$ cat structure.cif   # mmCIF, C-alpha atoms and all ligand atoms
data_input
loop_
_atom_site.label_atom_id
_atom_site.label_comp_id
_atom_site.auth_asym_id
_atom_site.auth_seq_id
_atom_site.Cartn_x
_atom_site.Cartn_y
_atom_site.Cartn_z
CA MET A 295 0.00 0.00 0.00
CA LYS A 296 1.26 3.47 -0.91
CA GLU A 297 2.25 5.53 2.13
CA GLY A 298 -0.60 7.77 3.15
CA THR A 299 -3.32 5.60 1.50
CA LYS A 300 -6.21 5.40 3.92
CA LYS A 301 -7.52 1.98 4.91
CA LYS A 302 -11.10 1.29 3.84
CA ARG A 303 -13.54 0.71 6.70
CA VAL A 304 -15.64 -2.30 5.77
CA MET A 305 -18.58 -3.68 7.72
CA VAL A 306 -19.69 -7.25 7.02
CA MET A 307 -23.24 -7.65 8.30
CA ILE A 308 -24.77 -11.03 9.04
CA GLY A 309 -28.29 -11.89 10.18
CA THR A 310 -28.85 -15.63 9.81
CA ARG A 311 -27.10 -19.00 9.46
CA PRO A 312 -26.69 -19.01 5.65
CA GLU A 313 -25.24 -15.50 5.76
CA ALA A 314 -22.65 -16.66 8.29
CA VAL A 315 -21.69 -19.61 6.05
CA LYS A 316 -21.39 -17.50 2.92
CA MET A 317 -19.76 -14.40 4.42
CA ALA A 318 -17.17 -16.32 6.47
CA PRO A 319 -14.87 -16.80 3.43
CA VAL A 320 -15.32 -13.12 2.51
CA ILE A 321 -14.39 -12.02 6.05
CA ARG A 322 -11.33 -14.27 5.97
CA ALA A 323 -10.29 -12.84 2.57
CA LEU A 324 -10.75 -9.25 3.81
CA ILE A 325 -8.69 -9.97 6.93
CA LYS A 326 -5.82 -11.21 4.72
CA HIS A 327 -5.66 -7.63 3.41
CA ARG A 328 -5.52 -6.02 6.84
CA ASP A 329 -3.14 -3.38 5.47
CA ARG A 330 -5.98 -2.20 3.18
CA PHE A 331 -9.10 -2.82 5.25
CA ASP A 332 -10.43 -2.24 8.76
CA VAL A 333 -13.02 -5.00 9.06
CA THR A 334 -15.99 -4.98 11.46
CA VAL A 335 -18.28 -8.03 11.65
CA LEU A 336 -21.76 -7.06 12.76
CA SER A 337 -24.47 -9.55 13.63
CA THR A 338 -28.05 -8.30 13.59
CA GLY A 339 -28.82 -11.29 15.82
CA GLN A 340 -31.85 -12.27 13.71
CA HIS A 341 -30.67 -15.81 14.45
CA ARG A 342 -29.53 -15.61 18.05
CA ALA A 343 -28.02 -19.10 18.30
CA LEU A 344 -27.32 -20.20 14.74
CA ILE A 345 -24.97 -17.35 13.75
CA ASP A 346 -22.49 -17.87 16.56
CA GLN A 347 -22.57 -21.65 16.03
CA THR A 348 -21.75 -21.18 12.34
CA LEU A 349 -19.10 -18.46 12.59
CA ALA A 350 -17.25 -20.44 15.26
CA VAL A 351 -16.50 -23.17 12.69
CA PHE A 352 -14.47 -20.57 10.75
CA ASN A 353 -12.79 -19.22 13.92
CA LEU A 354 -14.73 -15.98 13.65
CA CYS A 355 -17.08 -14.10 15.96
CA PRO A 356 -19.06 -10.88 15.62
CA ASP A 357 -17.53 -7.60 16.86
CA PHE A 358 -20.97 -6.20 17.58
CA ASP A 359 -24.47 -7.62 17.92
CA LEU A 360 -27.71 -5.68 17.41
CA GLY A 361 -29.59 -8.46 19.25
CA VAL A 362 -32.88 -8.14 17.37
CA MET A 363 -34.20 -11.73 17.65
CA THR A 364 -37.45 -12.41 19.49
CA GLN A 365 -39.36 -15.70 19.69
CA ARG A 366 -41.80 -16.14 16.78
CA GLN A 367 -40.65 -12.82 15.35
CA SER A 368 -42.74 -11.17 12.64
CA LEU A 369 -41.30 -9.67 9.46
CA ASN A 370 -42.18 -6.27 10.84
CA ASP A 371 -40.26 -7.05 14.07
CA ILE A 372 -37.11 -7.89 12.11
CA THR A 373 -37.41 -5.04 9.60
CA SER A 374 -38.09 -2.30 12.12
CA GLY A 375 -35.61 -3.71 14.67
CA VAL A 376 -32.74 -3.90 12.16
CA LEU A 377 -33.55 -0.59 10.48
CA ARG A 378 -33.55 1.28 13.78
CA ALA A 379 -30.52 -0.42 15.36
CA MET A 380 -28.44 -0.46 12.17
CA THR A 381 -29.10 3.22 11.51
CA ALA A 382 -27.97 4.10 15.04
CA TYR A 383 -24.80 2.03 14.59
CA LEU A 384 -24.00 3.56 11.20
CA GLN A 385 -24.37 7.04 12.70
CA MET A 386 -21.91 6.15 15.48
CA GLU A 387 -19.21 4.67 13.21
CA SER A 388 -18.12 5.69 9.73
CA PHE A 389 -17.92 2.92 7.13
CA ASP A 390 -16.84 3.20 3.50
CA ILE A 391 -18.89 0.17 2.52
CA VAL A 392 -21.19 -2.40 4.11
CA LEU A 393 -21.33 -5.93 2.71
CA GLY A 394 -24.28 -8.28 3.12
CA GLN A 395 -25.39 -11.50 1.49
CA GLY A 396 -28.60 -12.90 0.12
CA ASP A 397 -32.27 -12.27 0.72
CA THR A 398 -33.09 -12.26 4.40
CA THR A 399 -35.04 -9.49 6.08
CA SER A 400 -31.87 -8.48 7.95
CA VAL A 401 -30.07 -7.85 4.67
CA MET A 402 -33.00 -5.98 3.19
CA ALA A 403 -33.34 -3.69 6.22
CA ALA A 404 -29.56 -3.17 6.52
CA SER A 405 -29.30 -2.18 2.86
CA MET A 406 -32.13 0.32 3.39
CA ALA A 407 -30.38 1.79 6.43
CA CYS A 408 -27.22 2.21 4.31
CA PHE A 409 -29.23 3.82 1.51
CA TYR A 410 -30.78 6.31 3.91
CA GLU A 411 -27.37 7.10 5.47
CA GLY A 412 -25.64 7.44 2.08
CA ILE A 413 -23.28 4.49 2.64
CA SER A 414 -22.48 2.10 -0.20
CA PHE A 415 -23.88 -1.44 0.12
CA GLY A 416 -22.19 -4.37 -1.62
CA HIS A 417 -24.56 -7.26 -2.25
CA VAL A 418 -23.12 -10.77 -2.26
CA GLU A 419 -25.26 -13.36 -4.11
CA ALA A 420 -26.95 -10.61 -6.11
CA GLY A 421 -29.44 -11.11 -8.92
CA LEU A 422 -31.24 -14.33 -7.90
CA ARG A 423 -34.88 -14.18 -8.98
CA THR A 424 -37.90 -16.44 -9.26
CA GLY A 425 -39.96 -13.71 -10.92
CA ASP A 426 -42.74 -14.14 -8.32
CA CYS A 427 -42.57 -11.59 -5.49
CA ARG A 428 -44.40 -13.99 -3.13
CA ALA A 429 -42.26 -17.08 -3.74
CA PRO A 430 -40.23 -17.62 -1.77
CA TYR A 431 -41.86 -15.29 0.75
CA PRO A 432 -40.48 -12.79 1.71
CA GLU A 433 -37.08 -13.54 0.18
CA GLU A 434 -37.85 -12.58 -3.43
CA PHE A 435 -39.14 -9.20 -2.24
CA ASN A 436 -36.08 -8.74 -0.01
CA ARG A 437 -33.55 -9.40 -2.75
CA ARG A 438 -35.33 -7.11 -5.19
CA VAL A 439 -35.15 -4.28 -2.64
CA VAL A 440 -31.42 -4.92 -2.11
CA GLY A 441 -31.01 -4.92 -5.91
CA ILE A 442 -32.25 -1.32 -5.90
CA THR A 443 -30.29 -0.05 -2.89
CA ALA A 444 -26.92 -1.74 -3.60
CA GLY A 445 -24.00 0.10 -5.20
CA MET A 446 -22.04 -3.10 -5.98
CA HIS A 447 -23.60 -6.41 -7.03
CA PHE A 448 -21.61 -9.64 -6.71
CA ALA A 449 -23.47 -12.04 -9.00
CA PRO A 450 -22.79 -15.76 -8.56
CA THR A 451 -23.76 -16.86 -12.10
CA PRO A 452 -24.31 -15.41 -15.59
CA THR A 453 -28.08 -15.91 -15.11
CA ALA A 454 -28.01 -13.75 -11.96
CA ARG A 455 -25.97 -11.08 -13.76
CA ASP A 456 -28.48 -11.06 -16.65
CA ASN A 457 -31.39 -10.66 -14.20
CA LEU A 458 -29.70 -7.55 -12.77
CA LEU A 459 -29.00 -6.09 -16.21
CA ARG A 460 -32.64 -6.63 -17.19
CA GLU A 461 -33.69 -4.66 -14.11
CA GLY A 462 -31.43 -1.77 -15.08
CA ALA A 463 -28.45 -2.28 -12.75
CA VAL A 464 -25.34 -0.45 -14.00
CA GLU A 465 -23.18 -2.95 -15.88
CA ASP A 466 -19.82 -1.93 -14.42
CA LYS A 467 -21.21 -2.26 -10.87
CA ILE A 468 -21.95 -5.97 -11.45
CA PHE A 469 -19.14 -8.44 -10.76
CA LEU A 470 -19.41 -12.09 -11.75
CA THR A 471 -17.71 -13.82 -8.83
CA GLY A 472 -19.34 -17.19 -8.12
CA ASN A 473 -20.93 -17.87 -4.75
CA PRO A 474 -18.70 -17.97 -1.63
CA VAL A 475 -20.77 -20.92 -0.39
CA VAL A 476 -18.49 -23.04 -2.60
CA ASP A 477 -15.42 -21.53 -0.89
CA ALA A 478 -16.98 -22.39 2.49
CA LEU A 479 -17.75 -25.94 1.40
CA HIS A 480 -14.19 -26.49 0.12
CA PHE A 481 -12.80 -25.11 3.37
CA ILE A 482 -14.75 -27.67 5.39
CA LEU A 483 -14.01 -30.61 3.08
CA GLU A 484 -10.29 -29.82 3.04
CA ASN A 485 -9.85 -29.07 6.74
CA THR A 486 -12.17 -31.35 8.70
CA GLU A 487 -13.07 -34.99 9.28
CA GLU A 488 -16.55 -36.47 9.53
CA PRO A 489 -17.82 -36.20 13.13
CA SER A 490 -19.87 -39.03 14.62
CA ARG A 491 -23.48 -39.27 13.45
CA PRO A 492 -26.76 -40.41 15.04
CA VAL A 493 -27.73 -42.75 12.17
CA PRO A 494 -26.18 -46.20 11.54
CA LYS A 495 -22.88 -46.11 9.61
CA ASP A 496 -23.76 -49.14 7.49
CA LYS A 497 -27.25 -48.07 6.37
CA PRO A 498 -28.34 -45.42 3.87
CA TYR A 499 -29.99 -42.27 5.15
CA ILE A 500 -31.84 -39.29 3.78
CA LEU A 501 -30.88 -35.90 5.17
CA MET A 502 -33.74 -33.46 5.53
CA THR A 503 -34.18 -29.72 6.27
CA CYS A 504 -37.31 -27.57 6.17
CA HIS A 505 -37.96 -24.01 7.32
CA ARG A 506 -39.56 -21.73 4.69
CA ARG A 507 -42.26 -19.29 5.75
CA GLU A 508 -44.47 -19.98 2.71
CA LEU A 509 -44.79 -23.61 3.89
CA PHE A 510 -46.19 -22.77 7.33
CA GLY A 511 -49.59 -24.25 8.09
CA GLU A 512 -51.07 -27.06 5.96
CA ARG A 513 -48.13 -27.32 3.57
CA VAL A 514 -45.57 -28.09 6.25
CA LEU A 515 -47.97 -30.68 7.62
CA HIS A 516 -48.21 -32.37 4.20
CA VAL A 517 -44.42 -32.44 3.93
CA MET A 518 -44.04 -34.06 7.36
CA GLU A 519 -46.79 -36.59 6.62
CA ALA A 520 -45.06 -37.53 3.35
CA VAL A 521 -41.80 -38.11 5.19
CA ARG A 522 -43.53 -40.26 7.81
CA ASP A 523 -45.34 -42.29 5.06
CA PHE A 524 -42.04 -42.94 3.29
CA ALA A 525 -40.14 -43.80 6.48
CA MET A 526 -42.81 -46.26 7.63
CA ALA A 527 -42.79 -48.00 4.22
CA HIS A 528 -38.96 -48.26 4.21
CA PRO A 529 -37.71 -49.29 7.66
CA GLN A 530 -34.25 -50.05 6.17
CA ILE A 531 -33.70 -46.33 5.39
CA HIS A 532 -33.12 -43.68 8.05
CA ILE A 533 -34.24 -40.08 7.81
CA TRP A 534 -31.96 -37.64 9.63
CA TYR A 535 -33.65 -34.30 10.19
CA PRO A 536 -31.75 -31.52 12.02
CA VAL A 537 -34.74 -29.37 12.94
CA HIS A 538 -34.61 -25.59 12.44
CA PRO A 539 -35.45 -23.78 15.74
CA ASN A 540 -38.35 -21.88 14.13
CA PRO A 541 -41.30 -22.95 16.35
CA ASN A 542 -43.69 -22.97 13.36
CA VAL A 543 -41.76 -25.91 11.91
CA LYS A 544 -40.32 -27.50 15.03
CA SER A 545 -43.68 -28.15 16.68
CA VAL A 546 -45.10 -29.90 13.58
CA ALA A 547 -41.91 -31.92 13.04
CA GLU A 548 -41.93 -33.15 16.63
CA SER A 549 -45.61 -34.07 16.67
CA VAL A 550 -45.75 -35.82 13.25
CA LEU A 551 -42.28 -37.41 13.09
CA GLY A 552 -41.23 -37.70 16.72
CA SER A 553 -42.23 -41.32 17.31
CA THR A 554 -41.23 -43.02 14.03
CA PRO A 555 -38.28 -45.32 14.88
CA ASN A 556 -36.22 -44.71 11.70
CA ILE A 557 -36.59 -40.92 11.82
CA VAL A 558 -33.91 -39.11 13.83
CA LEU A 559 -34.76 -35.55 14.81
CA SER A 560 -31.71 -33.62 16.00
CA PRO A 561 -30.93 -30.00 16.91
CA PRO A 562 -29.47 -27.88 14.06
CA LEU A 563 -26.02 -29.11 13.11
CA ASP A 564 -22.90 -27.00 13.11
CA TYR A 565 -21.65 -26.45 9.55
CA VAL A 566 -18.87 -29.09 9.74
CA SER A 567 -21.36 -31.77 10.79
CA PHE A 568 -23.90 -30.67 8.21
CA VAL A 569 -21.46 -30.71 5.28
CA HIS A 570 -20.32 -34.22 6.17
CA ALA A 571 -23.94 -35.27 6.70
CA MET A 572 -24.76 -34.09 3.16
CA LYS A 573 -21.69 -35.79 1.72
CA SER A 574 -22.57 -39.17 3.24
CA ALA A 575 -26.34 -39.01 2.66
CA TYR A 576 -28.08 -41.11 0.01
CA LEU A 577 -30.00 -37.98 -0.97
CA VAL A 578 -31.20 -34.72 0.54
CA LEU A 579 -34.78 -33.52 0.96
CA SER A 580 -34.83 -29.76 1.57
CA ASP A 581 -36.38 -26.36 0.95
CA SER A 582 -33.08 -24.61 1.66
CA GLY A 583 -31.45 -22.17 -0.74
CA GLY A 584 -27.88 -22.90 0.34
CA VAL A 585 -28.33 -26.67 0.11
CA GLN A 586 -29.36 -26.30 -3.56
CA GLU A 587 -25.99 -24.61 -4.17
CA GLU A 588 -23.90 -27.05 -2.16
CA ALA A 589 -25.47 -30.14 -3.77
CA PRO A 590 -23.99 -29.71 -7.27
CA SER A 591 -20.48 -29.32 -5.79
CA LEU A 592 -21.02 -32.55 -3.85
CA GLY A 593 -22.85 -34.36 -6.65
CA LYS A 594 -25.68 -35.10 -4.21
CA PRO A 595 -29.32 -35.39 -5.39
CA VAL A 596 -31.71 -32.93 -3.72
CA LEU A 597 -35.49 -33.14 -3.84
CA VAL A 598 -36.46 -29.51 -3.34
CA LEU A 599 -39.60 -28.87 -1.28
CA ARG A 600 -40.64 -25.88 -3.37
CA GLU A 601 -42.74 -25.02 -6.42
CA VAL A 602 -40.19 -22.51 -7.81
CA THR A 603 -36.52 -21.81 -7.31
CA GLU A 604 -34.28 -18.80 -7.77
CA ARG A 605 -31.46 -21.27 -8.44
CA PRO A 606 -32.51 -22.69 -11.84
CA GLU A 607 -28.84 -23.54 -12.47
CA ALA A 608 -29.07 -26.34 -9.87
CA VAL A 609 -32.08 -27.83 -11.65
CA ALA A 610 -30.34 -27.47 -15.06
CA ALA A 611 -27.24 -29.16 -13.58
CA GLY A 612 -29.51 -32.11 -12.81
CA THR A 613 -28.73 -32.39 -9.09
CA CYS A 614 -31.91 -30.64 -7.88
CA LEU A 615 -35.53 -31.52 -8.66
CA LEU A 616 -38.51 -29.42 -7.54
CA VAL A 617 -41.10 -31.60 -5.80
CA GLY A 618 -43.26 -28.95 -4.08
CA HIS A 619 -45.22 -29.87 -0.95
CA ASP A 620 -47.77 -32.40 -2.22
CA ARG A 621 -47.76 -35.48 0.03
CA GLU A 622 -48.07 -38.10 -2.75
CA ARG A 623 -45.61 -36.40 -5.09
CA ILE A 624 -42.90 -36.29 -2.40
CA VAL A 625 -43.34 -39.99 -1.55
CA PHE A 626 -43.36 -40.86 -5.28
CA GLU A 627 -40.08 -39.03 -6.00
CA LEU A 628 -38.37 -40.44 -2.88
CA ASP A 629 -39.44 -43.93 -3.96
CA ARG A 630 -38.25 -43.35 -7.52
CA LEU A 631 -34.77 -42.24 -6.45
CA LEU A 632 -34.52 -45.19 -4.09
CA HIS A 633 -35.43 -47.84 -6.68
CA ASP A 634 -34.52 -46.35 -10.08
CA LYS A 635 -30.72 -46.49 -10.12
CA SER A 636 -30.37 -44.68 -13.45
CA ALA A 637 -32.58 -41.78 -12.25
CA TYR A 638 -30.42 -41.65 -9.12
CA ALA A 639 -27.17 -41.72 -11.12
CA ALA A 640 -28.42 -38.94 -13.41
CA MET A 641 -28.78 -36.66 -10.36
CA SER A 642 -25.42 -37.55 -8.82
CA ASN A 643 -23.01 -35.61 -11.04
CA LYS A 644 -20.55 -33.15 -9.52
CA ARG A 645 -20.59 -29.73 -11.20
CA ASP A 646 -18.99 -26.31 -10.55
CA THR A 647 -22.42 -24.70 -11.00
CA PHE A 648 -22.03 -21.92 -8.43
CA GLY A 649 -18.31 -21.22 -8.64
CA ASP A 650 -14.81 -22.57 -8.38
CA GLY A 651 -14.24 -21.91 -4.68
CA HIS A 652 -12.51 -18.53 -5.26
CA ALA A 653 -15.51 -16.20 -5.02
CA ALA A 654 -14.36 -14.45 -1.84
CA GLY A 655 -11.04 -13.42 -3.43
CA LYS A 656 -12.87 -12.06 -6.47
CA ILE A 657 -15.24 -10.05 -4.28
CA VAL A 658 -12.33 -8.54 -2.35
CA ASP A 659 -10.44 -7.75 -5.58
CA ALA A 660 -13.51 -5.96 -6.94
CA ILE A 661 -13.75 -3.89 -3.77
CA LEU A 662 -10.04 -3.06 -3.88
CA SER A 663 -10.27 -1.80 -7.44
CA SER A 664 -13.48 0.12 -6.98
CA SER A 665 -14.52 3.56 -5.90
CA PHE A 666 -17.82 3.01 -4.14
CA SER A 667 -21.10 4.56 -5.18
C1 LIG B 701 -34.71 -16.84 8.17
C2 LIG B 701 -34.86 -16.04 6.89
C3 LIG B 701 -34.85 -16.97 5.69
C4 LIG B 701 -33.62 -17.85 5.71
C5 LIG B 701 -33.52 -18.58 7.06
C6 LIG B 701 -32.21 -19.34 7.15
C7 LIG B 701 -36.23 -13.99 6.91
C8 LIG B 701 -37.59 -13.43 6.94
N1 LIG B 701 -36.14 -15.34 6.91
O1 LIG B 701 -35.86 -17.69 8.30
O2 LIG B 701 -34.84 -16.19 4.50
O3 LIG B 701 -33.74 -18.81 4.68
O4 LIG B 701 -33.53 -17.61 8.12
O5 LIG B 701 -32.25 -20.26 8.20
O6 LIG B 701 -35.25 -13.28 6.89
N2 LIG B 701 -34.93 -19.07 16.17
C9 LIG B 701 -34.25 -19.35 17.34
N3 LIG B 701 -32.87 -19.32 17.31
C10 LIG B 701 -32.15 -19.01 16.20
C11 LIG B 701 -32.86 -18.75 15.02
C12 LIG B 701 -34.24 -18.77 15.02
O7 LIG B 701 -34.86 -19.64 18.37
O8 LIG B 701 -30.92 -18.98 16.24
C13 LIG B 701 -36.41 -19.09 16.18
C14 LIG B 701 -37.03 -17.84 16.86
O9 LIG B 701 -38.23 -18.18 17.51
C15 LIG B 701 -37.37 -16.96 15.65
C16 LIG B 701 -37.81 -18.02 14.66
O10 LIG B 701 -36.91 -19.11 14.85
O11 LIG B 701 -38.37 -16.00 15.93
C17 LIG B 701 -37.82 -17.61 13.22
O12 LIG B 701 -36.60 -17.01 12.82
P1 LIG B 701 -36.60 -16.09 11.48
O13 LIG B 701 -35.21 -15.62 11.27
O14 LIG B 701 -37.67 -15.08 11.55
O15 LIG B 701 -37.08 -17.08 10.35
P2 LIG B 701 -36.32 -18.30 9.69
O16 LIG B 701 -37.32 -19.33 9.34
O17 LIG B 701 -35.17 -18.70 10.53
N1 LIG B 702 -26.87 -25.88 7.52
C1 LIG B 702 -26.15 -26.14 8.70
N2 LIG B 702 -26.75 -26.90 9.69
C2 LIG B 702 -28.01 -27.39 9.56
C3 LIG B 702 -28.73 -27.10 8.38
C4 LIG B 702 -28.13 -26.33 7.39
O1 LIG B 702 -25.02 -25.72 8.84
O2 LIG B 702 -28.47 -28.08 10.50
C5 LIG B 702 -26.24 -25.03 6.48
C6 LIG B 702 -26.36 -25.53 5.04
O3 LIG B 702 -25.26 -26.34 4.69
C7 LIG B 702 -26.36 -24.23 4.24
C8 LIG B 702 -27.04 -23.27 5.17
O4 LIG B 702 -26.94 -23.80 6.48
O5 LIG B 702 -25.06 -23.74 3.99
C9 LIG B 702 -28.47 -23.13 4.74
O6 LIG B 702 -29.22 -22.58 5.74
P1 LIG B 702 -30.80 -22.55 5.69
O7 LIG B 702 -31.31 -23.75 4.98
O8 LIG B 702 -31.23 -22.33 7.09
O9 LIG B 702 -31.10 -21.23 4.87
P2 LIG B 702 -31.31 -20.89 3.31
O10 LIG B 702 -30.09 -21.29 2.58
O11 LIG B 702 -32.54 -21.60 2.88
O12 LIG B 702 -31.53 -19.42 3.31
#

$ encode --input "structure.cif" --output "structure tokens" --more "lines below"
Ligand code: UD1
Ligand code: UDP
Amino acid sequence: MKEGTKKKRVMVMIGTRPEAVKMAPVIRALIKHRDRFDVTVLSTGQHRALIDQTLAVFNLCPDFDLGVMTQRQSLNDITSGVLRAMTAYLQMESFDIVLGQGDTTSVMAASMACFYEGISFGHVEAGLRTGDCRAPYPEEFNRRVVGITAGMHFAPTPTARDNLLREGAVEDKIFLTGNPVVDALHFILENTEEPSRPVPKDKPYILMTCHRRELFGERVLHVMEAVRDFAMAHPQIHIWYPVHPNPNVKSVAESVLGSTPNIVLSPPLDYVSFVHAMKSAYLVLSDSGGVQEEAPSLGKPVLVLREVTERPEAVAAGTCLLVGHDRERIVFELDRLLHDKSAYAAMSNKRDTFGDGHAAGKIVDAILSSSFS
């Protein structure tokens, strides 16, 4: 660095588990350039427990916590809590740029706070779209808002970049970087061993996750009933379901699945355990966004509990298949992948769909070579 060049003050904001996974490689890459950046990691605390659990895996912890989480929080609770607390924090400190990832309500509200305070916001995982503002709900709305407020867009794929261009984002503010989730995945695979697991080593298992707001109510019930139907018909297969702490899902999972012998409900897994659980699973059943991105890198079939996805690349790659929330359809597709070996093999190819594992470095390079706006 030239003598007299001022360090850039960068805030990395994180609200939930997937943000911690995906921003951890970016934080680590920023810290490598400590002669150029002063880095502050701020947690909104939207996920009180899951953020700290996830960051710890990467030897990181937040410098500051806005502590917004409440039990059964509403979207209004999160939006107003983050907007108010983030604005106060931004007025206390002076940042050159704030970085946030994805489509959570924390990210949406933080990007608005930056917009109001005239601070540049860099959006990691920019440009994902389903085209339907209510699916997934409220994530599609959130990411569209961030698309308007952000001054730098880090698009993971050409499709995401094209979505931003179509919406009128300035071309030289869009950077095609890949998704740092692949960097995070490589970090775990290269640096850790498989921890012990609560399902038998010598038997196949299906790994499951489920948490989306648009499933709450009848739909989540249908999903759980489908899983119970399948498990009861196939006692030789285990289902391992680390249950998200959201009470709207947890209570249904426990009441419908709690007493089936070959279904193991566990607390949320730390990221090391979850990556190895995906790697060793026969297949994954999930409504998660991040899991759809990790699956192609692992060559692991995912039946996606959604009607639409903002990650069409994972479907095109062949590793992900949308199965929605219909009870019979879910059981049918689980059955098919269990018995039809060629259908299973067709979904088990490894692909670099979401990046080569060097997204964080590309994001940091773009920031280094940019004047923010
Ligand atoms: C949130 C995001 C969603 C993202 C998901 C990742 C929004 C609106 N939703 O959904 O986009 O895919 O995180 O997991 O931004 N809880 C705890 N401890 C925790 C976390 C959650 O007890 O560490 C419980 C609380 O009762 C909380 C509830 O779960 O009120 C729901 O959390 P919330 O962040 O609103 O929704 P998620 O379903 O986690
Ligand atoms: N994950 C984890 N432990 C779990 C379940 C998921 O570490 O018990 C990881 C998963 O590998 C992915 C991220 O959390 O990287 C996805 O989080 P989630 O499904 O909660 O959110 P989404 O990606 O749908 O926004």

$ closest_atom_pairs --input "structure.cif" --of "region 453-520 of chain A" --to "region 631-650 of chain A" --cutoff "12 Å" --atoms "all atoms listed in the file" --output "CSV"
residue,atom,partner,partner_atom,distance
A:Thr453,CA,A:Phe648,CA,10.8
A:Ala454,CA,A:Phe648,CA,10.7
A:Leu470,CA,A:Gly649,CA,9.7
A:Thr471,CA,A:Gly649,CA,7.4
A:Gly472,CA,A:Gly649,CA,4.2
A:Asn473,CA,A:Phe648,CA,5.6
A:Pro474,CA,A:Gly649,CA,7.7
A:Val475,CA,A:Phe648,CA,8.2
A:Val476,CA,A:Gly649,CA,6.3
A:Asp477,CA,A:Asp650,CA,7.6
A:Ala478,CA,A:Asp650,CA,11.1
A:Leu479,CA,A:Asp650,CA,10.8
A:His480,CA,A:Asp650,CA,9.4
A:Pro498,CA,A:Leu632,CA,10.1
A:Tyr499,CA,A:Leu632,CA,10.7
A:Ile500,CA,A:Leu632,CA,10.2

$ residues_near_ligand --input "structure.cif" --ligand "ligand LIG 701 (chain B)" --cutoff "7 Å" --atoms "all atoms listed in the file" --output "PyMOL selection string"
chain A and resi 310-312+340-345+363-369+397-400+432-433+505-507+539-541+582-583

$ closest_residue --input "structure.cif" --among "A:Gly412, A:Pro561, A:Pro489, A:Pro430" --to "Asp581 (chain A)" --atoms "all atoms listed in the file"
A:Pro430

$ atom_distance --input "structure.cif" --atom1 "CA of Asp390 (chain A)" --atom2 "CA of Phe409 (chain A)"
12.6 Å

$ residues_around --input "structure.cif" --residues "Asp359 (chain A)" --least-positions-apart "3" --cutoff "9 Å" --atoms "only C-alpha atoms" --output "PyMOL selection string"
chain A and resi 335-339+356+362

$ atom_distance --input "structure.cif" --atom1 "CA of Ser574 (chain A)" --atom2 "atom O8 of ligand LIG 702 (chain B)"
19.3 Å

$ residues_near_ligand --input "structure.cif" --ligand "ligand LIG 702 (chain B)" --cutoff "6 Å" --atoms "only C-alpha atoms and all ligand atoms" --output "PyMOL selection string"
chain A and resi 311-312+315+536+562-565+568-569+582-585

$ atom_distance --input "structure.cif" --atom1 "CA of Glu411 (chain A)" --atom2 "CA of Ile468 (chain A)"
22.1 Å

$ closest_residue --input "structure.cif" --among "A:Gly441, A:Pro595, A:Gly655, A:Gly309" --to "Leu501 (chain A)" --atoms "all atoms listed in the file"
A:Pro595

$ residues_around --input "structure.cif" --residues "region 544-555 of chain A" --least-positions-apart "6" --cutoff "12 Å" --atoms "all atoms listed in the file" --output "number ranges by chain"
A: 366, 493, 502-506, 509-538, 561-562

$ residues_around --input "structure.cif" --residues "Glu461 (chain A)" --least-positions-apart "5" --cutoff "12 Å" --atoms "all atoms listed in the file" --output "PyMOL selection string"
chain A and resi 421-423+425+438-439+441-442+454-456
